[in-house]
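S.K.: Next comes the structure file data-v2.txt, holding compact mmCIF, C-alpha atoms and all ligand atoms.
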# COMPACT_ATOMS: atom_id res chain seq x y z
CA MET A 23 6.21 -2.79 -22.06
CA CYS A 24 6.37 0.65 -20.47
CA THR A 25 7.25 3.09 -23.22
CA ASP A 26 8.38 5.75 -20.75
CA CYS A 27 11.15 3.72 -19.18
CA GLY A 28 11.50 0.66 -21.40
CA CYS A 29 10.49 -1.88 -18.71
CA HIS A 30 10.93 -5.45 -19.84
CA PRO A 31 8.05 -7.81 -19.14
CA HIS A 32 8.92 -10.68 -16.87
CA HIS A 33 5.90 -12.89 -17.22
CA PRO A 34 5.90 -16.01 -19.33
CA ASP A 35 2.18 -15.62 -20.00
CA ASP A 36 2.65 -12.17 -21.54
CA THR A 37 1.65 -11.88 -25.15
CA PRO A 38 4.43 -10.20 -27.13
CA HIS A 39 3.49 -6.87 -28.64
CA THR A 40 2.32 -6.83 -32.23
CA GLY A 41 2.53 -3.95 -34.66
CA ASP A 42 5.95 -4.70 -36.12
CA PRO A 43 6.69 -1.69 -38.35
CA GLY A 44 8.67 -4.05 -40.60
CA ASP A 45 12.26 -5.12 -40.96
CA GLY A 46 12.01 -7.44 -37.94
CA TYR A 47 11.81 -4.48 -35.56
CA ALA A 48 9.49 -6.24 -33.09
CA SER A 49 11.53 -9.43 -32.95
CA ARG A 50 14.77 -7.45 -32.44
CA ARG A 51 13.09 -5.53 -29.66
CA LEU A 52 12.00 -8.78 -28.01
CA LEU A 53 15.59 -10.06 -28.16
CA VAL A 54 16.88 -6.89 -26.50
CA GLU A 55 14.18 -7.14 -23.83
CA ALA A 56 15.02 -10.79 -23.17
CA ALA A 57 18.72 -9.97 -22.80
CA ALA A 58 18.00 -7.12 -20.37
CA THR A 59 15.66 -9.33 -18.32
CA ALA A 60 18.26 -12.11 -18.20
CA ALA A 61 20.93 -9.65 -17.03
CA ASN A 62 18.65 -8.34 -14.28
CA ASP A 63 17.77 -11.89 -13.19
CA GLU A 64 21.46 -12.84 -13.01
CA THR A 65 22.24 -9.85 -10.78
CA ALA A 66 19.17 -10.64 -8.66
CA ARG A 67 20.51 -14.19 -8.17
CA HIS A 68 23.81 -12.72 -6.96
CA ASN A 69 21.94 -10.41 -4.59
CA ARG A 70 19.88 -13.30 -3.21
CA GLU A 71 22.99 -15.37 -2.61
CA ALA A 72 24.76 -12.41 -0.93
CA PHE A 73 21.72 -11.78 1.31
CA ARG A 74 21.71 -15.45 2.31
CA ARG A 75 25.44 -15.37 3.17
CA GLN A 76 24.98 -12.13 5.17
CA ARG A 77 21.87 -13.53 6.90
CA LEU A 78 20.01 -10.45 5.67
CA THR A 79 16.23 -10.60 5.24
CA ALA A 80 15.35 -8.45 2.24
CA LEU A 81 11.82 -7.27 1.39
CA ASN A 82 10.71 -5.35 -1.68
CA LEU A 83 7.90 -2.89 -0.80
CA MET A 84 5.76 -1.74 -3.71
CA SER A 85 2.67 0.42 -4.08
CA SER A 86 1.23 3.30 -6.03
CA PRO A 87 2.60 6.71 -5.01
CA GLY A 88 1.51 7.76 -1.55
CA ALA A 89 -0.04 4.49 -0.31
CA GLY A 90 2.12 4.78 2.80
CA LYS A 91 5.31 2.76 2.22
CA THR A 92 7.57 5.22 4.04
CA SER A 93 5.04 5.81 6.82
CA ILE A 94 4.79 2.06 7.47
CA LEU A 95 8.58 1.84 7.50
CA GLU A 96 8.93 4.75 9.93
CA ARG A 97 6.63 3.10 12.47
CA THR A 98 8.20 -0.33 11.90
CA ILE A 99 11.72 1.04 12.45
CA ARG A 100 10.70 2.77 15.67
CA HIS A 101 9.18 -0.47 16.88
CA LEU A 102 12.25 -2.55 16.02
CA ALA A 103 14.73 -0.08 17.57
CA GLY A 104 17.24 -1.93 19.73
CA ARG A 105 15.90 -5.33 18.65
CA ARG A 106 17.24 -5.72 15.14
CA PRO A 107 19.40 -3.68 12.74
CA VAL A 108 17.23 -2.20 9.99
CA TYR A 109 18.46 -0.87 6.63
CA VAL A 110 16.43 0.84 3.95
CA ILE A 111 17.02 1.41 0.26
CA GLU A 112 14.76 4.23 -0.93
CA GLY A 113 13.76 4.40 -4.59
CA ASP A 114 12.28 7.64 -5.92
CA GLN A 115 12.61 9.51 -9.18
CA GLN A 116 13.88 12.60 -7.36
CA THR A 117 14.70 13.93 -3.87
CA ARG A 118 16.18 12.48 -0.66
CA ASN A 119 12.93 13.15 1.24
CA ASP A 120 12.19 9.52 2.08
CA ALA A 121 15.79 8.64 3.03
CA GLU A 122 15.76 11.62 5.41
CA ARG A 123 12.49 10.44 6.99
CA ILE A 124 13.95 6.96 7.45
CA GLU A 125 17.13 8.36 9.03
CA ARG A 126 15.04 10.46 11.41
CA ALA A 127 13.15 7.28 12.37
CA GLY A 128 16.49 5.72 13.32
CA ALA A 129 17.59 3.43 10.47
CA THR A 130 20.41 3.63 7.96
CA ALA A 131 19.21 4.57 4.48
CA VAL A 132 20.54 4.91 0.97
CA GLN A 133 18.52 6.94 -1.52
CA ILE A 134 18.44 5.93 -5.17
CA ASN A 135 17.10 8.50 -7.64
CA THR A 136 15.94 6.81 -10.82
CA GLY A 137 15.41 10.04 -12.84
CA SER A 138 12.85 9.13 -15.50
CA GLY A 139 12.91 5.45 -14.47
CA CYS A 140 9.79 4.04 -12.82
CA HIS A 141 11.22 1.03 -10.94
CA LEU A 142 14.33 -0.30 -9.21
CA GLU A 143 16.58 -2.92 -10.81
CA ALA A 144 18.82 -5.53 -9.21
CA GLY A 145 22.07 -3.71 -10.10
CA MET A 146 20.91 -0.56 -8.29
CA VAL A 147 20.17 -2.64 -5.20
CA ALA A 148 23.58 -4.37 -5.37
CA ARG A 149 25.39 -1.01 -5.39
CA ALA A 150 23.20 0.40 -2.60
CA VAL A 151 23.84 -2.63 -0.37
CA GLU A 152 27.60 -2.08 -0.76
CA ARG A 153 27.13 1.43 0.60
CA LEU A 154 24.94 0.20 3.47
CA ASP A 155 27.46 -2.46 4.54
CA PRO A 156 24.79 -4.21 6.69
CA LEU A 157 25.39 -6.28 9.82
CA PRO A 158 24.50 -9.99 9.69
CA GLY A 159 20.99 -10.78 10.88
CA GLY A 160 19.63 -7.43 9.71
CA LEU A 161 16.40 -6.54 7.99
CA LEU A 162 16.67 -4.80 4.62
CA PHE A 163 13.62 -2.95 3.29
CA ILE A 164 13.72 -1.88 -0.35
CA GLU A 165 11.10 0.82 -0.94
CA ASN A 166 10.48 0.70 -4.66
CA VAL A 167 9.44 3.68 -6.79
CA GLY A 168 5.72 4.45 -6.32
CA ASN A 169 4.11 2.56 -9.20
CA LEU A 170 1.67 -0.35 -9.19
CA VAL A 171 2.85 -1.72 -12.55
CA CYS A 172 6.55 -1.91 -13.53
CA PRO A 173 8.24 -2.77 -10.18
CA ALA A 174 6.38 -6.11 -10.14
CA MET A 175 8.33 -7.23 -13.22
CA PHE A 176 11.82 -6.96 -11.73
CA ASP A 177 13.41 -9.44 -9.36
CA LEU A 178 15.73 -7.59 -6.99
CA GLY A 179 16.91 -10.69 -5.11
CA GLU A 180 14.47 -10.04 -2.26
CA GLN A 181 13.09 -12.81 -0.06
CA ALA A 182 9.54 -11.58 -0.60
CA LYS A 183 7.61 -8.84 -2.34
CA VAL A 184 5.08 -6.86 -0.31
CA VAL A 185 2.36 -4.85 -2.01
CA ILE A 186 0.75 -1.98 -0.12
CA ILE A 187 -2.63 -0.58 -1.05
CA SER A 188 -4.38 2.21 0.82
CA VAL A 189 -8.11 2.43 1.33
CA THR A 190 -8.35 5.67 -0.66
CA GLU A 191 -7.36 3.87 -3.87
CA GLY A 192 -10.44 1.67 -4.35
CA ASP A 193 -10.90 -1.99 -3.45
CA ASP A 194 -10.74 -3.17 -7.09
CA LYS A 195 -6.99 -2.66 -7.49
CA PRO A 196 -6.00 -6.37 -7.31
CA GLU A 197 -8.28 -7.05 -10.25
CA LYS A 198 -6.93 -4.13 -12.29
CA TYR A 199 -3.23 -4.68 -11.51
CA PRO A 200 -3.01 -8.46 -11.20
CA TYR A 201 0.74 -8.78 -11.89
CA MET A 202 1.57 -6.83 -8.77
CA PHE A 203 -0.74 -8.87 -6.56
CA ARG A 204 0.37 -12.14 -8.17
CA ALA A 205 4.03 -11.34 -7.48
CA ALA A 206 3.49 -10.38 -3.82
CA ARG A 207 3.57 -12.73 -0.85
CA LEU A 208 1.92 -10.15 1.43
CA CYS A 209 -0.63 -7.41 0.85
CA LEU A 210 -0.82 -4.62 3.42
CA ILE A 211 -4.08 -2.66 3.31
CA ASN A 212 -3.07 0.70 4.80
CA LYS A 213 -4.88 3.79 6.12
CA THR A 214 -7.67 1.82 7.80
CA ASP A 215 -8.24 4.88 10.02
CA LEU A 216 -9.85 6.45 6.91
CA LEU A 217 -12.32 3.60 6.33
CA PRO A 218 -15.30 5.54 7.78
CA TYR A 219 -14.83 8.19 5.09
CA VAL A 220 -14.31 6.15 1.92
CA ASP A 221 -16.11 3.44 -0.07
CA PHE A 222 -13.62 0.67 0.39
CA ASP A 223 -14.58 -2.86 1.36
CA PRO A 224 -11.51 -4.62 2.83
CA GLY A 225 -13.26 -8.01 2.46
CA ARG A 226 -13.74 -7.43 -1.27
CA CYS A 227 -10.14 -6.30 -1.66
CA ARG A 228 -8.90 -9.47 0.08
CA GLN A 229 -11.18 -11.62 -2.06
CA LEU A 230 -9.94 -10.02 -5.31
CA ALA A 231 -6.31 -10.33 -4.18
CA ARG A 232 -6.83 -14.05 -3.47
CA ALA A 233 -8.53 -14.51 -6.83
CA VAL A 234 -5.30 -13.50 -8.60
CA ASN A 235 -3.01 -15.05 -5.98
CA PRO A 236 -4.49 -17.75 -3.71
CA HIS A 237 -1.31 -17.78 -1.59
CA ILE A 238 -1.29 -14.08 -0.70
CA THR A 239 -1.66 -13.03 2.94
CA CYS A 240 -3.55 -9.76 3.61
CA ILE A 241 -3.15 -7.58 6.68
CA GLU A 242 -5.14 -4.40 7.38
CA LEU A 243 -3.28 -1.68 9.24
CA SER A 244 -2.87 2.03 9.79
CA ALA A 245 0.55 3.65 9.84
CA ARG A 246 -1.10 6.63 11.51
CA THR A 247 -2.71 4.89 14.50
CA GLY A 248 -0.65 1.68 14.64
CA GLU A 249 -3.79 -0.46 14.36
CA GLY A 250 -2.90 -3.83 12.81
CA PHE A 251 0.85 -3.45 13.34
CA ASP A 252 1.04 -6.47 15.64
CA ALA A 253 0.02 -8.74 12.77
CA TRP A 254 2.55 -7.12 10.40
CA LEU A 255 5.38 -7.38 12.94
CA GLN A 256 4.45 -10.99 13.63
CA TRP A 257 4.57 -11.74 9.89
CA LEU A 258 8.01 -10.09 9.74
CA SER A 259 9.37 -12.08 12.66
CA GLY A 260 8.11 -15.28 11.02
CA LEU A 261 10.35 -14.62 8.00
CA ALA A 262 13.73 -14.63 9.68
N1 LIG B 1 -4.66 8.83 7.41
C1 LIG B 1 -3.55 8.17 7.11
N2 LIG B 1 -2.61 8.74 6.36
C2 LIG B 1 -1.50 8.03 6.07
C3 LIG B 1 -1.30 6.71 6.54
N3 LIG B 1 -0.11 6.26 6.06
C4 LIG B 1 0.41 7.27 5.33
N4 LIG B 1 -0.42 8.34 5.34
C5 LIG B 1 -0.22 9.62 4.67
O1 LIG B 1 -0.17 9.39 3.26
C6 LIG B 1 0.75 10.27 2.63
C7 LIG B 1 1.78 9.46 1.85
O2 LIG B 1 2.51 8.64 2.75
P1 LIG B 1 3.97 8.10 2.42
O3 LIG B 1 4.38 7.25 3.55
O4 LIG B 1 4.87 9.22 2.03
O5 LIG B 1 3.65 7.23 1.14
P2 LIG B 1 4.67 6.49 0.15
O6 LIG B 1 3.99 5.28 -0.36
O7 LIG B 1 5.98 6.30 0.80
O8 LIG B 1 4.80 7.58 -1.00
P3 LIG B 1 5.86 7.63 -2.22
O9 LIG B 1 7.20 7.24 -1.68
O10 LIG B 1 5.81 9.04 -2.69
O11 LIG B 1 5.35 6.65 -3.26
C8 LIG B 1 1.38 11.08 3.76
O12 LIG B 1 0.70 12.31 3.85
C9 LIG B 1 1.13 10.25 5.00
O13 LIG B 1 1.06 10.99 6.19
C10 LIG B 1 -2.32 6.12 7.35
O14 LIG B 1 -2.24 4.97 7.81
N5 LIG B 1 -3.42 6.88 7.60
MG MG B 2 7.88 6.83 0.19
Spit out the file's structure as structure tokens when you get a sec.
M.R.:
Amino acid sequence: MCTDCGCHPHHPDDTPHTGDPGDGYASRRLLVEAAATAANDETARHNREAFRRQRLTALNLMSSPGAGKTSILERTIRHLAGRRPVYVIEGDQQTRNDAERIERAGATAVQINTGSGCHLEAGMVARAVERLDPLPGGLLFIENVGNLVCPAMFDLGEQAKVVIISVTEGDDKPEKYPYMFRAARLCLINKTDLLPYVDFDPGRCRQLARAVNPHITCIELSARTGEGFDAWLQWLSGLA
């Protein structure tokens, strides 16, 4: 559990924390965590049902800070202009910077500021979607707070989770942060234009990602040059 924000684990194979200071503290804490997780899951189910009714394809984009979530979205939005309505929910602790970038790229955005929180929850997404009032058949991107740990634990009602890793982070990340890579259906390996300058082996990264999640698809791309975007856009069109 994240002690900063009180994230509640969402993995049945998690070992509960030990170190009960006495008086049943640990077991009470587990009960509170279970109730919070159940409440989030219930709201996520409502979101998923609402997305299905609205024919909205919702994707939850997650990465460590700065891996390129917003940059990938900006290029994607420009590509999809006139073809499909695109909506973005931006999650950051502070600022409207990313929502403003998305609006400049041509999509409708709602910014959520989580304050000290390190992830989005289903209720935040439900309220943001009300404000977006999306058209049927649209594409909804949820850019989660930059963090390779906690966002993986929360169902938002999305159709799929997408993890983004950039080549400056090291190719061992799937091994170190397995929950994130296990939860994701797609892994985007971004900033491939920087490959000549860093020690990052995309083959090893793919291999480690598949070791924790044999079903994961990996696509290498660069939000800067557009290299690899055809494969990403093809994957997107295959979802709807
Ligand atoms: N060279 C290179 N730089 C990139 C690429 N994609 C993003 N960047 C740069 O990486 C930095 C972070 O990009 P963002 O798109 O803001 O990353 P983010 O994941 O949205 O960041 P947070 O929302 O703060 O977590 C910016 O300076 C981008 O210009 C890429 O493909 N190649
Ligand atoms: Mg961003």
S.K.: Could you list, with a cut-off of 10 Å and counting all atoms listed in the file, the residues of range 155-246 of chain A near range 125-138 of chain A, each shown with its nearest atom pair and the distance in Å rounded to one decimal, rows sorted by chain and ascending number, as JSON lines?
M.R.:
{"residue": "A:Asp155", "atom": "CA", "partner": "A:Thr130", "partner_atom": "CA", "distance": 9.9}
{"residue": "A:Pro156", "atom": "CA", "partner": "A:Thr130", "partner_atom": "CA", "distance": 9.1}
{"residue": "A:Leu162", "atom": "CA", "partner": "A:Ala131", "partner_atom": "CA", "distance": 9.7}
{"residue": "A:Phe163", "atom": "CA", "partner": "A:Ala131", "partner_atom": "CA", "distance": 9.4}
{"residue": "A:Ile164", "atom": "CA", "partner": "A:Val132", "partner_atom": "CA", "distance": 9.7}
{"residue": "A:Glu165", "atom": "CA", "partner": "A:Gln133", "partner_atom": "CA", "distance": 9.6}
{"residue": "A:Asn166", "atom": "CA", "partner": "A:Ile134", "partner_atom": "CA", "distance": 9.5}
{"residue": "A:Val167", "atom": "CA", "partner": "A:Thr136", "partner_atom": "CA", "distance": 8.3}
S.K.: Which residues are near ligand LIG 1 (chain B) - at most 8 Å, using only C-alpha atoms and all ligand atoms? Format: as a PyMOL selection string.
M.R.: chain A and resi 84-95+113-114+120+165-169+186+188+212-216+243-248
S.K.: Which is closer to ligand MG 2 (chain B) than all the others in A:Ala205, A:Val110, A:Leu210, A:Leu258, using only C-alpha atoms and all ligand atoms?
M.R.: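 Checking each candidate against ligand MG 2 (chain B), we get A:Val110 as the closest.
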S.K.: Please, what distance in Å, to one decimal, runs between CA of Lys198 in chain A and CA of Gly179 in chain A?
M.R.: 25.7 Å
S.K.: Hey, can you check how far CA of Asp193 in chain A sits from CA of Asn119 in chain A?
M.R.: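 Going from CA of Asp193 in chain A over to CA of Asn119 in chain A, I get 28.6 Å.
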S.K.: Please report the interatomic distance between CA of Asp252 in chain A and CA of Leu102 in chain A in Å with one decimal.
M.R.: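 CA of Leu102 in chain A lies 11.9 Å from CA of Asp252 in chain A.
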S.K.: Do you know which residues are at most 12 Å from range 225-240 of chain A counting only C-alpha atoms, after dropping those on the same chain fewer than 3 positions away, and could you put them as number ranges by chain?
M.R.: A: 182-189, 191-212, 221-222, 243, 250, 253-254, 257
S.K.: List as an mmCIF file with C-alpha atoms, in the frame of the given file the protein and nucleic acid residues near Thr59 in chain A, meaning an atom at most 10 Å away when only C-alpha atoms are counted, but skip any in the same chain fewer than 3 places from it.
M.R.:
data_model
loop_
_atom_site.group_PDB
_atom_site.id
_atom_site.type_symbol
_atom_site.label_atom_id
_atom_site.label_comp_id
_atom_site.auth_asym_id
_atom_site.auth_seq_id
_atom_site.Cartn_x
_atom_site.Cartn_y
_atom_site.Cartn_z
ATOM 1 C CA CYS A 29 10.490 -1.880 -18.710
ATOM 2 C CA HIS A 30 10.930 -5.450 -19.840
ATOM 3 C CA PRO A 31 8.050 -7.810 -19.140
ATOM 4 C CA HIS A 32 8.920 -10.680 -16.870
ATOM 5 C CA LEU A 53 15.590 -10.060 -28.160
ATOM 6 C CA VAL A 54 16.880 -6.890 -26.500
ATOM 7 C CA GLU A 55 14.180 -7.140 -23.830
ATOM 8 C CA ALA A 56 15.020 -10.790 -23.170
ATOM 9 C CA ASN A 62 18.650 -8.340 -14.280
ATOM 10 C CA ASP A 63 17.770 -11.890 -13.190
ATOM 11 C CA GLU A 64 21.460 -12.840 -13.010
ATOM 12 C CA GLU A 143 16.580 -2.920 -10.810
ATOM 13 C CA MET A 175 8.330 -7.230 -13.220
ATOM 14 C CA PHE A 176 11.820 -6.960 -11.730
ATOM 15 C CA ASP A 177 13.410 -9.440 -9.360
#
S.K.: Determine, counting only C-alpha atoms, which protein, DNA and RNA residues have an atom within 9 Å of an atom of Asn69 in chain A; residues of the same chain fewer than 5 positions away are not included. Present the result as a ChimeraX atom specification.
M.R.: /A:64,74,144-145,147-148,178-180
S.K.: Of the residues A:Pro173, A:Gly46, A:Gly104, A:Gly160, which is the one nearest to Arg75 in chain A, using only C-alpha atoms?
M.R.: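 Looking at the shortest contact to Arg75 in chain A, the residue is A:Gly160.
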S.K.: For a quick check of understanding, using only C-alpha atoms and all ligand atoms, which of A:Leu161, A:Phe73, A:Ala60, A:Glu96 has the smallest distance to ligand MG 2 (chain B)?
M.R.: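 Selected residue with least distance to ligand MG 2 (chain B): A:Glu96.
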S.K.: Reconstruct N, CA, C and O atoms of range 134-146 of chain A from the incomplete input and present them as a CSV table (one decimal), in the coordinates of the input.
M.R.:
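Contents of the output file result-v7.csv:
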chain,number,residue,atom,x,y,z
A,134,ILE,N,18.2,6.1,-3.7
A,134,ILE,CA,18.4,5.9,-5.2
A,134,ILE,C,17.5,6.8,-5.9
A,134,ILE,O,16.3,6.7,-5.7
A,135,ASN,N,18.0,7.7,-6.8
A,135,ASN,CA,17.1,8.5,-7.6
A,135,ASN,C,17.1,7.9,-9.1
A,135,ASN,O,18.2,7.8,-9.7
A,136,THR,N,16.0,7.5,-9.5
A,136,THR,CA,15.9,6.8,-10.8
A,136,THR,C,15.8,7.8,-12.0
A,136,THR,O,15.7,7.3,-13.1
A,137,GLY,N,15.6,9.1,-11.7
A,137,GLY,CA,15.4,10.0,-12.8
A,137,GLY,C,14.1,9.8,-13.5
A,137,GLY,O,13.0,9.8,-12.9
A,138,SER,N,14.1,9.4,-14.8
A,138,SER,CA,12.8,9.1,-15.5
A,138,SER,C,12.4,7.7,-15.3
A,138,SER,O,11.3,7.3,-15.7
A,139,GLY,N,13.2,6.9,-14.7
A,139,GLY,CA,12.9,5.4,-14.5
A,139,GLY,C,11.8,5.2,-13.4
A,139,GLY,O,11.7,6.0,-12.5
A,140,CYS,N,11.0,4.2,-13.7
A,140,CYS,CA,9.8,4.0,-12.8
A,140,CYS,C,9.9,2.8,-11.9
A,140,CYS,O,8.9,2.3,-11.4
A,141,HIS,N,11.1,2.2,-11.8
A,141,HIS,CA,11.2,1.0,-10.9
A,141,HIS,C,12.7,0.9,-10.6
A,141,HIS,O,13.6,1.5,-11.2
A,142,LEU,N,12.9,0.0,-9.6
A,142,LEU,CA,14.3,-0.3,-9.2
A,142,LEU,C,14.7,-1.6,-9.9
A,142,LEU,O,13.9,-2.4,-10.2
A,143,GLU,N,16.0,-1.7,-10.2
A,143,GLU,CA,16.6,-2.9,-10.8
A,143,GLU,C,17.6,-3.5,-9.9
A,143,GLU,O,18.2,-2.8,-9.0
A,144,ALA,N,17.9,-4.8,-10.1
A,144,ALA,CA,18.8,-5.5,-9.2
A,144,ALA,C,20.2,-4.9,-9.1
A,144,ALA,O,20.8,-4.9,-8.0
A,145,GLY,N,20.7,-4.3,-10.2
A,145,GLY,CA,22.1,-3.7,-10.1
A,145,GLY,C,22.1,-2.5,-9.2
A,145,GLY,O,23.1,-2.3,-8.4
A,146,MET,N,21.0,-1.7,-9.2
A,146,MET,CA,20.9,-0.6,-8.3
A,146,MET,C,20.9,-1.0,-6.8
A,146,MET,O,21.6,-0.4,-6.0
